[in-house]
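One file, work-v4.csv, carrying CSV, C-alpha atoms:
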chain,number,residue,atom,x,y,z
A,945,MET,CA,-10.8,25.5,-14.4
A,946,GLU,CA,-12.7,23.0,-12.3
A,947,PHE,CA,-12.5,20.4,-15.0
A,948,PHE,CA,-8.7,20.9,-15.2
A,949,GLN,CA,-8.4,20.4,-11.4
A,950,LYS,CA,-10.4,17.2,-11.6
A,951,SER,CA,-8.3,15.9,-14.4
A,952,ILE,CA,-5.1,16.5,-12.4
A,953,HIS,CA,-6.6,14.7,-9.4
A,954,MET,CA,-7.8,11.8,-11.5
A,955,ALA,CA,-4.5,11.4,-13.2
A,956,SER,CA,-2.7,11.2,-9.9
A,957,SER,CA,-5.0,8.6,-8.3
A,958,HIS,CA,-4.3,4.9,-8.7
A,959,LEU,CA,-6.3,1.9,-9.5
A,960,PRO,CA,-6.8,-0.4,-6.5
A,961,ASN,CA,-4.3,-2.8,-8.2
A,962,TYR,CA,-2.4,-3.4,-11.4
A,963,LEU,CA,-2.6,-7.2,-11.4
A,964,ARG,CA,-4.5,-7.6,-14.7
A,965,ALA,CA,-2.2,-5.1,-16.5
A,966,ASN,CA,0.9,-7.0,-15.3
A,967,ARG,CA,-0.6,-10.4,-16.2
A,968,LYS,CA,-1.4,-9.1,-19.7
A,969,ARG,CA,2.1,-7.7,-20.0
A,970,LEU,CA,3.5,-11.2,-19.4
A,971,GLY,CA,1.0,-12.8,-21.8
A,972,VAL,CA,-0.3,-15.3,-19.3
A,973,SER,CA,-3.9,-16.3,-18.4
A,974,GLN,CA,-5.6,-16.2,-15.1
A,975,ASP,CA,-5.4,-20.0,-14.9
A,976,ASP,CA,-1.6,-19.7,-15.5
A,977,VAL,CA,-1.3,-17.2,-12.6
A,978,ALA,CA,-3.5,-19.4,-10.4
A,979,CYS,CA,-1.2,-22.3,-11.0
A,980,LEU,CA,1.9,-20.2,-10.1
A,981,LEU,CA,0.1,-19.1,-6.9
A,982,GLY,CA,-0.8,-22.7,-6.1
A,983,ALA,CA,-4.5,-22.1,-6.6
A,984,ARG,CA,-6.8,-24.5,-8.5
A,985,SER,CA,-8.4,-22.1,-10.9
A,986,GLY,CA,-8.3,-18.6,-12.2
A,987,GLY,CA,-11.5,-17.6,-10.3
A,988,LYS,CA,-9.5,-16.4,-7.3
A,989,VAL,CA,-7.1,-14.5,-9.6
A,990,CYS,CA,-10.1,-12.9,-11.2
A,991,ARG,CA,-11.4,-11.7,-7.8
A,992,TYR,CA,-8.0,-10.3,-6.9
A,993,GLU,CA,-7.8,-8.5,-10.2
A,994,ARG,CA,-11.3,-6.9,-9.8
A,995,GLY,CA,-10.5,-5.9,-6.2
A,996,ALA,CA,-13.4,-8.1,-5.0
A,997,ARG,CA,-10.9,-9.9,-2.7
A,998,GLU,CA,-7.7,-8.8,-1.1
A,999,PRO,CA,-4.9,-11.3,-1.2
A,1000,SER,CA,-3.0,-12.5,1.8
A,1001,LEU,CA,0.5,-11.2,2.4
A,1002,ARG,CA,1.8,-14.6,1.1
A,1003,VAL,CA,-0.2,-14.2,-2.1
A,1004,ALA,CA,0.9,-10.6,-2.5
A,1005,LEU,CA,4.5,-11.6,-2.2
A,1006,ALA,CA,3.9,-14.3,-4.8
A,1007,TYR,CA,2.5,-11.7,-7.1
A,1008,GLU,CA,5.7,-9.6,-6.5
A,1009,THR,CA,7.8,-12.7,-7.5
A,1010,ILE,CA,5.7,-13.5,-10.6
A,1011,PHE,CA,5.5,-9.9,-11.9
A,1012,LYS,CA,8.9,-8.6,-10.7
A,1013,ARG,CA,7.3,-5.5,-9.3
A,1014,PRO,CA,7.1,-4.3,-5.7
A,1015,ILE,CA,3.8,-4.9,-3.8
A,1016,ARG,CA,3.3,-1.2,-3.4
A,1017,GLU,CA,3.3,-0.8,-7.2
A,1018,LEU,CA,1.0,-3.8,-7.8
A,1019,PHE,CA,-1.5,-2.6,-5.2
A,1020,ALA,CA,-0.9,1.1,-5.7
A,1021,GLY,CA,-4.5,2.2,-4.8
A,1022,LEU,CA,-4.5,0.0,-1.7
A,1023,HIS,CA,-1.1,1.3,-0.8
A,1024,ASP,CA,-2.3,4.9,-1.0
A,1025,GLU,CA,-5.3,4.1,1.1
A,1026,VAL,CA,-3.3,2.3,3.8
A,1027,LYS,CA,-0.7,5.2,3.8
A,1028,ARG,CA,-3.5,7.7,4.4
A,1029,GLU,CA,-5.0,5.7,7.2
A,1030,VAL,CA,-1.6,5.2,9.0
A,1031,THR,CA,-0.8,8.9,8.6
A,1032,ALA,CA,-4.2,9.8,10.2
A,1033,HIS,CA,-3.6,7.4,13.0
A,1034,ALA,CA,-0.1,8.9,13.7
A,1035,LYS,CA,-1.6,12.4,13.8
A,1036,ARG,CA,-4.2,11.2,16.3
A,1037,MET,CA,-1.5,9.5,18.4
A,1038,MET,CA,0.6,12.7,18.4
A,1039,ARG,CA,-2.3,14.7,19.9
A,1040,LYS,CA,-2.5,12.2,22.8
A,1041,ILE,CA,1.1,12.6,23.9
A,1042,ASP,CA,1.4,14.4,27.2
A,1043,PRO,CA,4.1,17.1,26.9
A,1044,ALA,CA,4.4,17.1,30.7
A,1045,LYS,CA,5.8,13.5,30.5
A,1046,ALA,CA,8.4,14.4,28.0
A,1047,GLY,CA,11.2,12.0,28.7
A,1048,ASN,CA,13.7,10.5,26.2
A,1049,GLN,CA,11.3,7.8,25.1
A,1050,SER,CA,8.4,10.2,24.8
A,1051,ALA,CA,10.5,12.6,22.7
A,1052,ARG,CA,11.6,9.8,20.4
A,1053,LYS,CA,8.0,8.6,20.1
A,1054,SER,CA,6.9,12.1,19.2
A,1055,GLU,CA,9.7,12.4,16.6
A,1056,SER,CA,8.8,9.1,15.1
A,1057,LEU,CA,5.1,9.8,14.9
A,1058,ALA,CA,5.8,13.2,13.3
A,1059,ALA,CA,7.9,11.6,10.6
A,1060,ILE,CA,5.2,9.0,10.0
A,1061,ALA,CA,2.5,11.7,9.9
A,1062,LYS,CA,4.5,13.6,7.3
A,1063,GLY,CA,5.1,10.5,5.2
A,1064,LYS,CA,8.9,10.6,5.9
A,1065,ARG,CA,11.2,7.8,6.8
A,1066,VAL,CA,11.7,7.4,10.5
A,1067,LYS,CA,15.4,7.9,11.3
A,1068,PRO,CA,17.0,5.1,13.4
A,1069,LYS,CA,18.1,6.0,16.9
A,1070,ALA,CA,21.8,6.7,17.2
A,1071,PRO,CA,23.7,4.2,19.5
Show the structure stored in the file as structure tokens.
Amino acid sequence: MEFFQKSIHMASSHLPNYLRANRKRLGVSQDDVACLLGARSGGKVCRYERGAREPSLRVALAYETIFKRPIRELFAGLHDEVKREVTAHAKRMMRKIDPAKAGNQSARKSESLAAIAKGKRVKPKAP
């Protein structure tokens, strides 16, 4: 039973990124991708693919343009990690809210943090 549970967990976890798989899907080399990114050689692309280096937002958006996949899919493992961190921060912030100072803004803040902590979309404030 323990093996089965581990298999389920492993199947649901993501690689840090899927850059190499998407590059291979297109049939292009690391040097080709480097050229599209405006880099001199495939060395930087290799480091991104191995997860040894995280790309800037600009480079991540360029990857999205090249591979026609959302950033959150290309960097699924990183996305999961960031989501867990933000959720934890939101939960800590919720504990710090003083219920005695519950005005409209504080109530809205509590509602927004609760949605973020649960991984739900924050609903826009009605006019």
Could I get the residues of region 958-980 of chain A with an atom no further than 8 Å from an atom of region 1006-1022 of chain A, each paired with its nearest atom pair and that distance in Å to one decimal, using all atoms listed in the file, sorted by chain and residue number, as a Markdown table?
| residue | atom | partner | partner_atom | distance |
| --- | --- | --- | --- | --- |
| A:His958 | CA | A:Gly1021 | CA | 4.7 |
| A:Leu959 | CA | A:Gly1021 | CA | 5.0 |
| A:Pro960 | CA | A:Gly1021 | CA | 3.9 |
| A:Asn961 | CA | A:Phe1019 | CA | 4.1 |
| A:Tyr962 | CA | A:Leu1018 | CA | 5.0 |
| A:Leu963 | CA | A:Leu1018 | CA | 6.1 |
| A:Asn966 | CA | A:Phe1011 | CA | 6.4 |
| A:Arg967 | CA | A:Phe1011 | CA | 7.5 |
| A:Leu970 | CA | A:Phe1011 | CA | 7.9 |
| A:Leu980 | CA | A:Ile1010 | CA | 7.7 |
Output file for the residues above (C-alpha atoms, as a tab-separated table (two decimals), in the coordinates of the input):
chain	number	residue	atom	x	y	z
A	958	HIS	CA	-4.30	4.90	-8.70
A	959	LEU	CA	-6.30	1.90	-9.50
A	960	PRO	CA	-6.80	-0.40	-6.50
A	961	ASN	CA	-4.30	-2.80	-8.20
A	962	TYR	CA	-2.40	-3.40	-11.40
A	963	LEU	CA	-2.60	-7.20	-11.40
A	966	ASN	CA	0.90	-7.00	-15.30
A	967	ARG	CA	-0.60	-10.40	-16.20
A	970	LEU	CA	3.50	-11.20	-19.40
A	980	LEU	CA	1.90	-20.20	-10.10
Counting only C-alpha atoms, which of A:Val1026, A:Leu1057, A:Leu981, A:Ala1032 gets nearest to Ala1004 (chain A)?
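Selected residue with least distance to Ala1004 (chain A): A:Leu981.
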Restricting to only C-alpha atoms, whichever of A:Lys1069, A:Arg1002, A:Arg1028, A:Arg969 is closest to Asn1048 (chain A) is A:Lys1069
One number please: CA of Ala1051 (chain A) to CA of Met1038 (chain A), in Å, one decimal.
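So the answer is 10.8 Å.
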Ile1060 (chain A) surroundings by all atoms listed in the file, 8 Å radius, close-in-sequence under 4 positions cut, as a CSV table (one decimal) with C-alpha atoms, in the frame of the given file:
chain,number,residue,atom,x,y,z
A,1030,VAL,CA,-1.6,5.2,9.0
A,1031,THR,CA,-0.8,8.9,8.6
A,1034,ALA,CA,-0.1,8.9,13.7
A,1056,SER,CA,8.8,9.1,15.1
A,1064,LYS,CA,8.9,10.6,5.9
A,1065,ARG,CA,11.2,7.8,6.8
A,1066,VAL,CA,11.7,7.4,10.5
Restricting the calculation to all atoms listed in the file, which member of A:Gln974, A:Ala1061, A:Lys1040, A:Ser1000 is positioned closest to Lys988 (chain A)?
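Going through A:Gln974, A:Ala1061, A:Lys1040, A:Ser1000 one by one, the smallest distance to Lys988 (chain A) is for A:Gln974.
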Please output region 994-1030 of chain A, rebuilt to include N, CA and C atoms, as a PDB file, in the frame of the given file.
ATOM      1  N   ARG A 994     -10.153  -7.864  -9.891  1.00  0.00           N
ATOM      2  CA  ARG A 994     -11.300  -6.900  -9.800  1.00  0.00           C
ATOM      3  C   ARG A 994     -11.331  -6.169  -8.501  1.00  0.00           C
ATOM      4  N   GLY A 995     -10.519  -6.581  -7.538  1.00  0.00           N
ATOM      5  CA  GLY A 995     -10.500  -5.900  -6.200  1.00  0.00           C
ATOM      6  C   GLY A 995     -11.657  -6.427  -5.349  1.00  0.00           C
ATOM      7  N   ALA A 996     -12.308  -7.518  -5.755  1.00  0.00           N
ATOM      8  CA  ALA A 996     -13.400  -8.100  -5.000  1.00  0.00           C
ATOM      9  C   ALA A 996     -12.847  -8.838  -3.746  1.00  0.00           C
ATOM     10  N   ARG A 997     -11.564  -9.146  -3.792  1.00  0.00           N
ATOM     11  CA  ARG A 997     -10.900  -9.900  -2.700  1.00  0.00           C
ATOM     12  C   ARG A 997      -9.489  -9.356  -2.574  1.00  0.00           C
ATOM     13  N   GLU A 998      -9.044  -9.153  -1.330  1.00  0.00           N
ATOM     14  CA  GLU A 998      -7.700  -8.800  -1.100  1.00  0.00           C
ATOM     15  C   GLU A 998      -6.833  -9.992  -0.793  1.00  0.00           C
ATOM     16  N   PRO A 999      -5.698 -10.138  -1.462  1.00  0.00           N
ATOM     17  CA  PRO A 999      -4.900 -11.300  -1.200  1.00  0.00           C
ATOM     18  C   PRO A 999      -4.172 -11.264   0.132  1.00  0.00           C
ATOM     19  N   SER A1000      -3.828 -12.416   0.625  1.00  0.00           N
ATOM     20  CA  SER A1000      -3.000 -12.500   1.800  1.00  0.00           C
ATOM     21  C   SER A1000      -1.633 -11.939   1.545  1.00  0.00           C
ATOM     22  N   LEU A1001      -0.877 -11.699   2.573  1.00  0.00           N
ATOM     23  CA  LEU A1001       0.500 -11.200   2.400  1.00  0.00           C
ATOM     24  C   LEU A1001       1.290 -12.246   1.558  1.00  0.00           C
ATOM     25  N   ARG A1002       1.094 -13.510   1.831  1.00  0.00           N
ATOM     26  CA  ARG A1002       1.800 -14.600   1.100  1.00  0.00           C
ATOM     27  C   ARG A1002       1.503 -14.503  -0.393  1.00  0.00           C
ATOM     28  N   VAL A1003       0.235 -14.322  -0.733  1.00  0.00           N
ATOM     29  CA  VAL A1003      -0.200 -14.200  -2.100  1.00  0.00           C
ATOM     30  C   VAL A1003       0.380 -12.947  -2.760  1.00  0.00           C
ATOM     31  N   ALA A1004       0.333 -11.843  -2.024  1.00  0.00           N
ATOM     32  CA  ALA A1004       0.900 -10.600  -2.500  1.00  0.00           C
ATOM     33  C   ALA A1004       2.364 -10.702  -2.825  1.00  0.00           C
ATOM     34  N   LEU A1005       3.083 -11.389  -1.950  1.00  0.00           N
ATOM     35  CA  LEU A1005       4.500 -11.600  -2.200  1.00  0.00           C
ATOM     36  C   LEU A1005       4.738 -12.525  -3.392  1.00  0.00           C
ATOM     37  N   ALA A1006       3.843 -13.480  -3.580  1.00  0.00           N
ATOM     38  CA  ALA A1006       3.900 -14.300  -4.800  1.00  0.00           C
ATOM     39  C   ALA A1006       3.726 -13.517  -6.035  1.00  0.00           C
ATOM     40  N   TYR A1007       2.751 -12.603  -5.990  1.00  0.00           N
ATOM     41  CA  TYR A1007       2.500 -11.700  -7.100  1.00  0.00           C
ATOM     42  C   TYR A1007       3.794 -10.888  -7.412  1.00  0.00           C
ATOM     43  N   GLU A1008       4.432 -10.407  -6.356  1.00  0.00           N
ATOM     44  CA  GLU A1008       5.700  -9.600  -6.500  1.00  0.00           C
ATOM     45  C   GLU A1008       6.737 -10.487  -7.217  1.00  0.00           C
ATOM     46  N   THR A1009       6.829 -11.749  -6.854  1.00  0.00           N
ATOM     47  CA  THR A1009       7.800 -12.700  -7.500  1.00  0.00           C
ATOM     48  C   THR A1009       7.451 -12.941  -8.919  1.00  0.00           C
ATOM     49  N   ILE A1010       6.170 -13.144  -9.203  1.00  0.00           N
ATOM     50  CA  ILE A1010       5.700 -13.500 -10.600  1.00  0.00           C
ATOM     51  C   ILE A1010       5.959 -12.256 -11.495  1.00  0.00           C
ATOM     52  N   PHE A1011       5.523 -11.078 -11.061  1.00  0.00           N
ATOM     53  CA  PHE A1011       5.500  -9.900 -11.900  1.00  0.00           C
ATOM     54  C   PHE A1011       6.801  -9.052 -11.812  1.00  0.00           C
ATOM     55  N   LYS A1012       7.672  -9.394 -10.865  1.00  0.00           N
ATOM     56  CA  LYS A1012       8.900  -8.600 -10.700  1.00  0.00           C
ATOM     57  C   LYS A1012       8.656  -7.149 -10.445  1.00  0.00           C
ATOM     58  N   ARG A1013       7.621  -6.863  -9.655  1.00  0.00           N
ATOM     59  CA  ARG A1013       7.300  -5.500  -9.300  1.00  0.00           C
ATOM     60  C   ARG A1013       6.990  -5.458  -7.800  1.00  0.00           C
ATOM     61  N   PRO A1014       7.359  -4.370  -7.117  1.00  0.00           N
ATOM     62  CA  PRO A1014       7.100  -4.300  -5.700  1.00  0.00           C
ATOM     63  C   PRO A1014       5.588  -4.300  -5.382  1.00  0.00           C
ATOM     64  N   ILE A1015       5.235  -4.838  -4.241  1.00  0.00           N
ATOM     65  CA  ILE A1015       3.800  -4.900  -3.800  1.00  0.00           C
ATOM     66  C   ILE A1015       3.178  -3.543  -3.875  1.00  0.00           C
ATOM     67  N   ARG A1016       3.888  -2.512  -3.433  1.00  0.00           N
ATOM     68  CA  ARG A1016       3.300  -1.200  -3.400  1.00  0.00           C
ATOM     69  C   ARG A1016       2.951  -0.672  -4.801  1.00  0.00           C
ATOM     70  N   GLU A1017       3.610  -1.174  -5.850  1.00  0.00           N
ATOM     71  CA  GLU A1017       3.300  -0.800  -7.200  1.00  0.00           C
ATOM     72  C   GLU A1017       2.083  -1.677  -7.722  1.00  0.00           C
ATOM     73  N   LEU A1018       2.115  -2.960  -7.403  1.00  0.00           N
ATOM     74  CA  LEU A1018       1.000  -3.800  -7.800  1.00  0.00           C
ATOM     75  C   LEU A1018      -0.293  -3.467  -7.204  1.00  0.00           C
ATOM     76  N   PHE A1019      -0.248  -3.021  -5.962  1.00  0.00           N
ATOM     77  CA  PHE A1019      -1.500  -2.600  -5.200  1.00  0.00           C
ATOM     78  C   PHE A1019      -1.394  -1.155  -4.880  1.00  0.00           C
ATOM     79  N   ALA A1020      -1.139  -0.323  -5.879  1.00  0.00           N
ATOM     80  CA  ALA A1020      -0.900   1.100  -5.700  1.00  0.00           C
ATOM     81  C   ALA A1020      -2.073   1.806  -4.981  1.00  0.00           C
ATOM     82  N   GLY A1021      -3.286   1.531  -5.422  1.00  0.00           N
ATOM     83  CA  GLY A1021      -4.500   2.200  -4.800  1.00  0.00           C
ATOM     84  C   GLY A1021      -4.623   1.757  -3.366  1.00  0.00           C
ATOM     85  N   LEU A1022      -4.456   0.486  -3.082  1.00  0.00           N
ATOM     86  CA  LEU A1022      -4.500   0.000  -1.700  1.00  0.00           C
ATOM     87  C   LEU A1022      -3.416   0.587  -0.872  1.00  0.00           C
ATOM     88  N   HIS A1023      -2.227   0.666  -1.456  1.00  0.00           N
ATOM     89  CA  HIS A1023      -1.100   1.300  -0.800  1.00  0.00           C
ATOM     90  C   HIS A1023      -1.385   2.699  -0.369  1.00  0.00           C
ATOM     91  N   ASP A1024      -1.946   3.470  -1.292  1.00  0.00           N
ATOM     92  CA  ASP A1024      -2.300   4.900  -1.000  1.00  0.00           C
ATOM     93  C   ASP A1024      -3.310   4.958   0.126  1.00  0.00           C
ATOM     94  N   GLU A1025      -4.311   4.087   0.091  1.00  0.00           N
ATOM     95  CA  GLU A1025      -5.300   4.100   1.100  1.00  0.00           C
ATOM     96  C   GLU A1025      -4.753   3.749   2.494  1.00  0.00           C
ATOM     97  N   VAL A1026      -3.915   2.735   2.554  1.00  0.00           N
ATOM     98  CA  VAL A1026      -3.300   2.300   3.800  1.00  0.00           C
ATOM     99  C   VAL A1026      -2.380   3.455   4.337  1.00  0.00           C
ATOM    100  N   LYS A1027      -1.637   4.081   3.435  1.00  0.00           N
ATOM    101  CA  LYS A1027      -0.700   5.200   3.800  1.00  0.00           C
ATOM    102  C   LYS A1027      -1.544   6.333   4.438  1.00  0.00           C
ATOM    103  N   ARG A1028      -2.679   6.681   3.817  1.00  0.00           N
ATOM    104  CA  ARG A1028      -3.500   7.700   4.400  1.00  0.00           C
ATOM    105  C   ARG A1028      -4.035   7.376   5.758  1.00  0.00           C
ATOM    106  N   GLU A1029      -4.439   6.124   5.934  1.00  0.00           N
ATOM    107  CA  GLU A1029      -5.000   5.700   7.200  1.00  0.00           C
ATOM    108  C   GLU A1029      -3.875   5.720   8.300  1.00  0.00           C
ATOM    109  N   VAL A1030      -2.686   5.224   7.994  1.00  0.00           N
ATOM    110  CA  VAL A1030      -1.600   5.200   9.000  1.00  0.00           C
ATOM    111  C   VAL A1030      -1.197   6.647   9.341  1.00  0.00           C
TER     112      VAL A1030
END
